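Take a look at the structure below.
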Amino acid sequence: MKKTTESDSNYDGLDKMSVSELLLNINKEDKTVAHSVENQLPKIEKLIEVIISKMKIGGRLFYIGAGTSGRLGIVDASECPPTFGVDYGLVIGLMAGGDKAIRKAVEFAEDDIVLGWKDLSEHNINTNDVVVGIAASGTTPYIIAALKKCQEQRITTACIVCNQGSPVSEVSDIAIEIVVGPEFVTGSTRMKSGTAQKLVLNMISTSAMIKLGKVKGNKMVDMQLSNNKLVDRGTKMIMKEIAIDYETANALLTEFGSVRNAVNNYNG
């Protein structure tokens with residue numbers, strides 16, 4: 001298997017470049033990422049359709065990864081409840097080394113071939129669920145072993161990787177392979193690879209939540225009101241939806257706890 005993620009950068013002498021040159025060249029590389037994602041839209045669509053169907057029967061979405069990939073999965077999972085008002089157990093992010101690895105790398109955790117399934121098992125994973133492995137290289141043992149075990153248990157598997165024909169893809173029912181080519185800094189997959197993975201994760205969670213009814217029009221009507229900015233945003237949504245003044249809308253939001261409930265319970 002050829003790892004384009006480990007190939008030499010298209011640029012050399014980075015330490016000799018001015019800041020302006022560094023920025024221009026990084027930006028030049030970043031511009032290619034969205035096109036690489038576009039090539040995989042049919043597979044991304046297929047995965048989202050499966051996730052929606054599983055969630056409708058009580059299933060959950062699991063992201064499992066290591067390093068940057070693991071952190072990206074955790075970020076996406078953790079943002080679903082405040083954005084869409086869903087339970088924190090609907091989308092779950094797991095990474096090699098556990099929560100402490102979010103801030104500080106845990107040595108050799110990604111090489112553990114037992115830990116991935118153990119982490120999933122703690123959540124009573126079952127055939128209603130979908131497990132997505134996130135790995136730039138596509139060779140992470142923690143993920144490979146976990147997905148293989150999932151397949152043995154007839155649990156739907158998928159992956160987001162940045163190399164073609166990787167071991168992670170081989171144990172994925174749906175393999176999303178975003179080949180972004182060499183990184184600006186050789187092997188630094190937190191750059192283009194990480195950006196590609198983030199774009200795909202945005203698509204997965206956002207599209208699934210929309211199709212599950214968590215967005216009305218283009219508004220986050222079920223968002224959690226966790227700060228003043230969001231309370232103000234929600235109040236203005238209600239004002240626009242049912243043509244009332246700010247104070248009335250704010251009072252409704254306070255009483256009913258969400259934009260959706262406030263609008264549905266308005267009797268004016």
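Note on naming: chains are A, B, ... as they come in the structure tokens, residues start from 1 per chain, ligands start from 1 in the order shown.
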Practice problem: From the DSSP assignment of the backbone, select every residue of segment 83-230 of chain A that is helix (DSSP H, G or I), and format the answer as a PyMOL selection string. | Solution: chain A and resi 83-84+99-102+109-111+115-121+141-152+167-170+192-211+228-230
Using only C-alpha atoms, I'd like a table of the residues in segment 164-213 of chain A that come within 10 Å of segment 7-13 of chain A; for each, show the closest atom pair and its distance in Å rounded to one decimal, ordered by chain and ascending number, as CSV.
residue,atom,partner,partner_atom,distance
A:Gly181,CA,A:Ser7,CA,7.7
A:Pro182,CA,A:Ser9,CA,5.2
A:Glu183,CA,A:Ser9,CA,5.6
A:Phe184,CA,A:Ser9,CA,5.3
A:Val185,CA,A:Ser9,CA,6.0
A:Thr186,CA,A:Ser9,CA,4.9
A:Gly187,CA,A:Ser7,CA,7.0
A:Ser188,CA,A:Ser9,CA,9.7
With N, CA and C atoms retained, could you export that selection as an mmCIF file, in the first residue's frame?
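Dumped everything to part_36.cif:
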data_model
loop_
_atom_site.group_PDB
_atom_site.id
_atom_site.type_symbol
_atom_site.label_atom_id
_atom_site.label_comp_id
_atom_site.auth_asym_id
_atom_site.auth_seq_id
_atom_site.Cartn_x
_atom_site.Cartn_y
_atom_site.Cartn_z
ATOM 1 N N GLY A 181 -3.105 13.897 -0.991
ATOM 2 C CA GLY A 181 -1.712 13.991 -1.420
ATOM 3 C C GLY A 181 -0.773 14.386 -0.303
ATOM 4 N N PRO A 182 0.491 14.632 -0.635
ATOM 5 C CA PRO A 182 1.503 14.961 0.382
ATOM 6 C C PRO A 182 1.126 16.198 1.184
ATOM 7 N N GLU A 183 1.466 16.160 2.467
ATOM 8 C CA GLU A 183 1.223 17.327 3.318
ATOM 9 C C GLU A 183 2.292 18.391 3.100
ATOM 10 N N PHE A 184 1.959 19.636 3.445
ATOM 11 C CA PHE A 184 2.919 20.736 3.281
ATOM 12 C C PHE A 184 4.179 20.459 4.089
ATOM 13 N N VAL A 185 4.001 20.059 5.345
ATOM 14 C CA VAL A 185 5.101 19.536 6.154
ATOM 15 C C VAL A 185 4.990 18.024 6.061
ATOM 16 N N THR A 186 5.980 17.375 5.528
ATOM 17 C CA THR A 186 5.901 15.945 5.238
ATOM 18 C C THR A 186 5.369 15.142 6.423
ATOM 19 N N GLY A 187 4.274 14.410 6.178
ATOM 20 C CA GLY A 187 3.699 13.535 7.183
ATOM 21 C C GLY A 187 2.837 14.204 8.230
ATOM 22 N N SER A 188 2.674 15.522 8.167
ATOM 23 C CA SER A 188 1.897 16.236 9.181
ATOM 24 C C SER A 188 0.416 16.194 8.814
#
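Comparing the minimum interatomic distances between Lys28 of chain A and each of A:Asp222, A:Lys192, A:Leu201, A:Ile64, counting only C-alpha atoms, we find that A:Lys192 sits nearest.
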Self-check item: 10 Å contact set for Met1 of chain A, only C-alpha atoms, chain neighbours under 4 positions out, as number ranges by chain
Solution: A: 139, 163-167
Export N, CA and C atoms of the chosen residues as a JSON list (two decimals), in the first residue's frame?
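Contents of again_37.json, freshly written:
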[["chain", "number", "residue", "atom", "x", "y", "z"],
["A", 139, "THR", "N", -3.97, 2.97, 8.74],
["A", 139, "THR", "CA", -3.21, 1.82, 9.23],
["A", 139, "THR", "C", -3.20, 1.68, 10.75],
["A", 163, "ASN", "N", -5.70, 7.62, 2.45],
["A", 163, "ASN", "CA", -4.94, 6.78, 1.53],
["A", 163, "ASN", "C", -5.89, 5.78, 0.89],
["A", 164, "GLN", "N", -5.57, 5.33, -0.30],
["A", 164, "GLN", "CA", -6.38, 4.32, -0.96],
["A", 164, "GLN", "C", -5.93, 2.92, -0.57],
["A", 165, "GLY", "N", -6.92, 2.02, -0.49],
["A", 165, "GLY", "CA", -6.61, 0.62, -0.26],
["A", 165, "GLY", "C", -5.94, 0.31, 1.06],
["A", 166, "SER", "N", -6.34, 1.02, 2.10],
["A", 166, "SER", "CA", -5.70, 0.86, 3.41],
["A", 166, "SER", "C", -6.31, -0.31, 4.18],
["A", 167, "PRO", "N", -5.61, -0.79, 5.21],
["A", 167, "PRO", "CA", -6.16, -1.85, 6.07],
["A", 167, "PRO", "C", -7.46, -1.43, 6.76]]
Practice problem: Using DSSP on the backbone coordinates, identify all residues within segment 29-268 of chain A classified as strand (DSSP E); present the result as a VMD selection string. | Solution: chain A and resid 61 to 65 91 to 95 130 to 135 156 to 161 174 to 177
Could you please take those selected residues and save C-alpha atoms as a PDB file, in the first residue's frame?
ATOM      1  CA  LEU A  61     -23.152   6.859  15.622  1.00  0.00           C
ATOM      2  CA  PHE A  62     -19.690   6.124  16.968  1.00  0.00           C
ATOM      3  CA  TYR A  63     -16.487   7.813  15.811  1.00  0.00           C
ATOM      4  CA  ILE A  64     -13.302   5.991  16.749  1.00  0.00           C
ATOM      5  CA  GLY A  65      -9.810   7.291  16.072  1.00  0.00           C
ATOM      6  CA  VAL A  91     -23.161  10.572  18.603  1.00  0.00           C
ATOM      7  CA  ILE A  92     -20.170   9.317  20.566  1.00  0.00           C
ATOM      8  CA  GLY A  93     -16.504  10.050  19.933  1.00  0.00           C
ATOM      9  CA  LEU A  94     -13.838   7.652  21.210  1.00  0.00           C
ATOM     10  CA  MET A  95     -10.080   7.858  20.859  1.00  0.00           C
ATOM     11  CA  VAL A 130     -22.764   2.530  13.095  1.00  0.00           C
ATOM     12  CA  VAL A 131     -19.031   2.772  13.792  1.00  0.00           C
ATOM     13  CA  VAL A 132     -16.853   5.124  11.736  1.00  0.00           C
ATOM     14  CA  GLY A 133     -13.094   4.753  12.002  1.00  0.00           C
ATOM     15  CA  ILE A 134     -11.151   7.959  11.366  1.00  0.00           C
ATOM     16  CA  ALA A 135      -7.499   7.514  10.393  1.00  0.00           C
ATOM     17  CA  THR A 156     -22.083  -1.543  10.301  1.00  0.00           C
ATOM     18  CA  THR A 157     -18.611  -0.090   9.800  1.00  0.00           C
ATOM     19  CA  ALA A 158     -17.249   2.815   7.793  1.00  0.00           C
ATOM     20  CA  CYS A 159     -14.094   4.894   7.663  1.00  0.00           C
ATOM     21  CA  ILE A 160     -12.673   8.265   6.716  1.00  0.00           C
ATOM     22  CA  VAL A 161      -9.087   7.786   5.559  1.00  0.00           C
ATOM     23  CA  ILE A 174     -18.286   1.925   3.455  1.00  0.00           C
ATOM     24  CA  ALA A 175     -14.774   3.285   2.854  1.00  0.00           C
ATOM     25  CA  ILE A 176     -14.490   7.033   2.342  1.00  0.00           C
ATOM     26  CA  GLU A 177     -11.000   7.645   0.990  1.00  0.00           C
TER      27      GLU A 177
END
Quiz prompt | Spatial neighbours of Ile178 of chain A, max dist 8 Å, only C-alpha atoms, sep filter under 4 positions, as a PyMOL selection string | solution = chain A and resi 36-37+39-40+160-163+193+196-197
For the residues in that selection, give me N, CA and C atoms as a PDB file, in the first residue's frame.
ATOM      1  N   SER A  36     -10.973  17.152  -3.345  1.00  0.00           N
ATOM      2  CA  SER A  36     -10.736  15.748  -2.989  1.00  0.00           C
ATOM      3  C   SER A  36     -11.945  15.159  -2.273  1.00  0.00           C
ATOM      4  N   VAL A  37     -12.571  15.961  -1.422  1.00  0.00           N
ATOM      5  CA  VAL A  37     -13.782  15.519  -0.734  1.00  0.00           C
ATOM      6  C   VAL A  37     -14.916  15.298  -1.736  1.00  0.00           C
ATOM      7  N   ASN A  39     -14.911  14.217  -4.653  1.00  0.00           N
ATOM      8  CA  ASN A  39     -14.790  12.938  -5.350  1.00  0.00           C
ATOM      9  C   ASN A  39     -15.417  11.778  -4.584  1.00  0.00           C
ATOM     10  N   GLN A  40     -15.596  11.953  -3.282  1.00  0.00           N
ATOM     11  CA  GLN A  40     -16.135  10.886  -2.442  1.00  0.00           C
ATOM     12  C   GLN A  40     -17.584  11.124  -2.000  1.00  0.00           C
ATOM     13  N   ILE A 160     -13.121   7.059   7.417  1.00  0.00           N
ATOM     14  CA  ILE A 160     -12.673   8.265   6.716  1.00  0.00           C
ATOM     15  C   ILE A 160     -11.151   8.224   6.762  1.00  0.00           C
ATOM     16  N   VAL A 161     -10.538   7.910   5.636  1.00  0.00           N
ATOM     17  CA  VAL A 161      -9.087   7.786   5.559  1.00  0.00           C
ATOM     18  C   VAL A 161      -8.568   8.639   4.404  1.00  0.00           C
ATOM     19  N   CYS A 162      -7.251   8.798   4.351  1.00  0.00           N
ATOM     20  CA  CYS A 162      -6.660   9.663   3.328  1.00  0.00           C
ATOM     21  C   CYS A 162      -5.643   8.940   2.446  1.00  0.00           C
ATOM     22  N   ASN A 163      -5.704   7.620   2.452  1.00  0.00           N
ATOM     23  CA  ASN A 163      -4.944   6.781   1.529  1.00  0.00           C
ATOM     24  C   ASN A 163      -5.891   5.778   0.893  1.00  0.00           C
ATOM     25  N   SER A 193      -5.028  16.477   5.609  1.00  0.00           N
ATOM     26  CA  SER A 193      -5.815  15.290   5.963  1.00  0.00           C
ATOM     27  C   SER A 193      -6.835  15.617   7.044  1.00  0.00           C
ATOM     28  N   ALA A 196      -9.649  17.648   5.593  1.00  0.00           N
ATOM     29  CA  ALA A 196     -10.558  16.796   4.824  1.00  0.00           C
ATOM     30  C   ALA A 196     -11.487  16.019   5.740  1.00  0.00           C
ATOM     31  N   GLN A 197     -10.936  15.467   6.795  1.00  0.00           N
ATOM     32  CA  GLN A 197     -11.758  14.701   7.731  1.00  0.00           C
ATOM     33  C   GLN A 197     -12.798  15.587   8.399  1.00  0.00           C
TER      34      GLN A 197
END
Segment 147-236 of chain A residues near segment 109-116 of chain A within 12 Å, closest pair each, using only C-alpha atoms, as JSON lines:
{"residue": "A:Leu147", "atom": "CA", "partner": "A:Gly116", "partner_atom": "CA", "distance": 8.4}
{"residue": "A:Lys148", "atom": "CA", "partner": "A:Gly116", "partner_atom": "CA", "distance": 10.3}
{"residue": "A:Lys149", "atom": "CA", "partner": "A:Gly116", "partner_atom": "CA", "distance": 9.2}
{"residue": "A:Cys150", "atom": "CA", "partner": "A:Gly116", "partner_atom": "CA", "distance": 10.2}
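You will find atom CA of Ala262 of chain A at 17.3 Å from atom CA of Val86 of chain A.
Here atom CA of Thr235 of chain A and atom CA of Thr206 of chain A stand 22.4 Å from one another.
The residue set within 12 Å of Asn218 of chain A, counting only C-alpha atoms and dropping same-chain residues fewer than 4 places from it, reads Thr206, Ser207, Met209, Ile210, Gly213, Lys214, Asp222, Met237 and Glu241 of chain A.
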Exercise. Skip Thr83 of chain A itself and residues of its chain fewer than 6 positions away, then list as a ChimeraX atom specification all residues within 8 Å of it, counting only C-alpha atoms.
Key: /A:220,222-224
Limited to C-alpha atoms, could you put the picked residues into a file as a compact mmCIF listing (two decimals), in the first residue's frame?
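Final file, result-v5.txt:
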# COMPACT_ATOMS: atom_id res chain seq x y z
CA MET A 220 -31.23 25.31 14.63
CA ASP A 222 -33.57 22.64 18.93
CA MET A 223 -30.22 24.17 19.93
CA GLN A 224 -29.32 24.30 23.61
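Of the listed residues A:Leu212, A:Ile204, A:Val171, A:Val180, the one whose atoms come nearest to Ala136 of chain A is A:Val180, with distances taken using only C-alpha atoms.
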Quiz item: So which one's closest to Gln153 of chain A, A:Thr4, A:Asn126, A:Glu29, A:Gly138? Using only C-alpha atoms, please.
Solution: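 The shortest atom-to-atom distance to Gln153 of chain A comes from A:Asn126.
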Quiz item: Hey, what's within 12 Å of segment 226-229 of chain A if we count only C-alpha atoms and toss same-chain stuff fewer than 6 positions away? As an MDAnalysis selection string, please?
Solution: chainID A and resid 81:83 85 235:236 250 254 257:258
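Between atom CA of Leu90 of chain A and atom CA of Met191 of chain A lies a distance of 28.3 Å.
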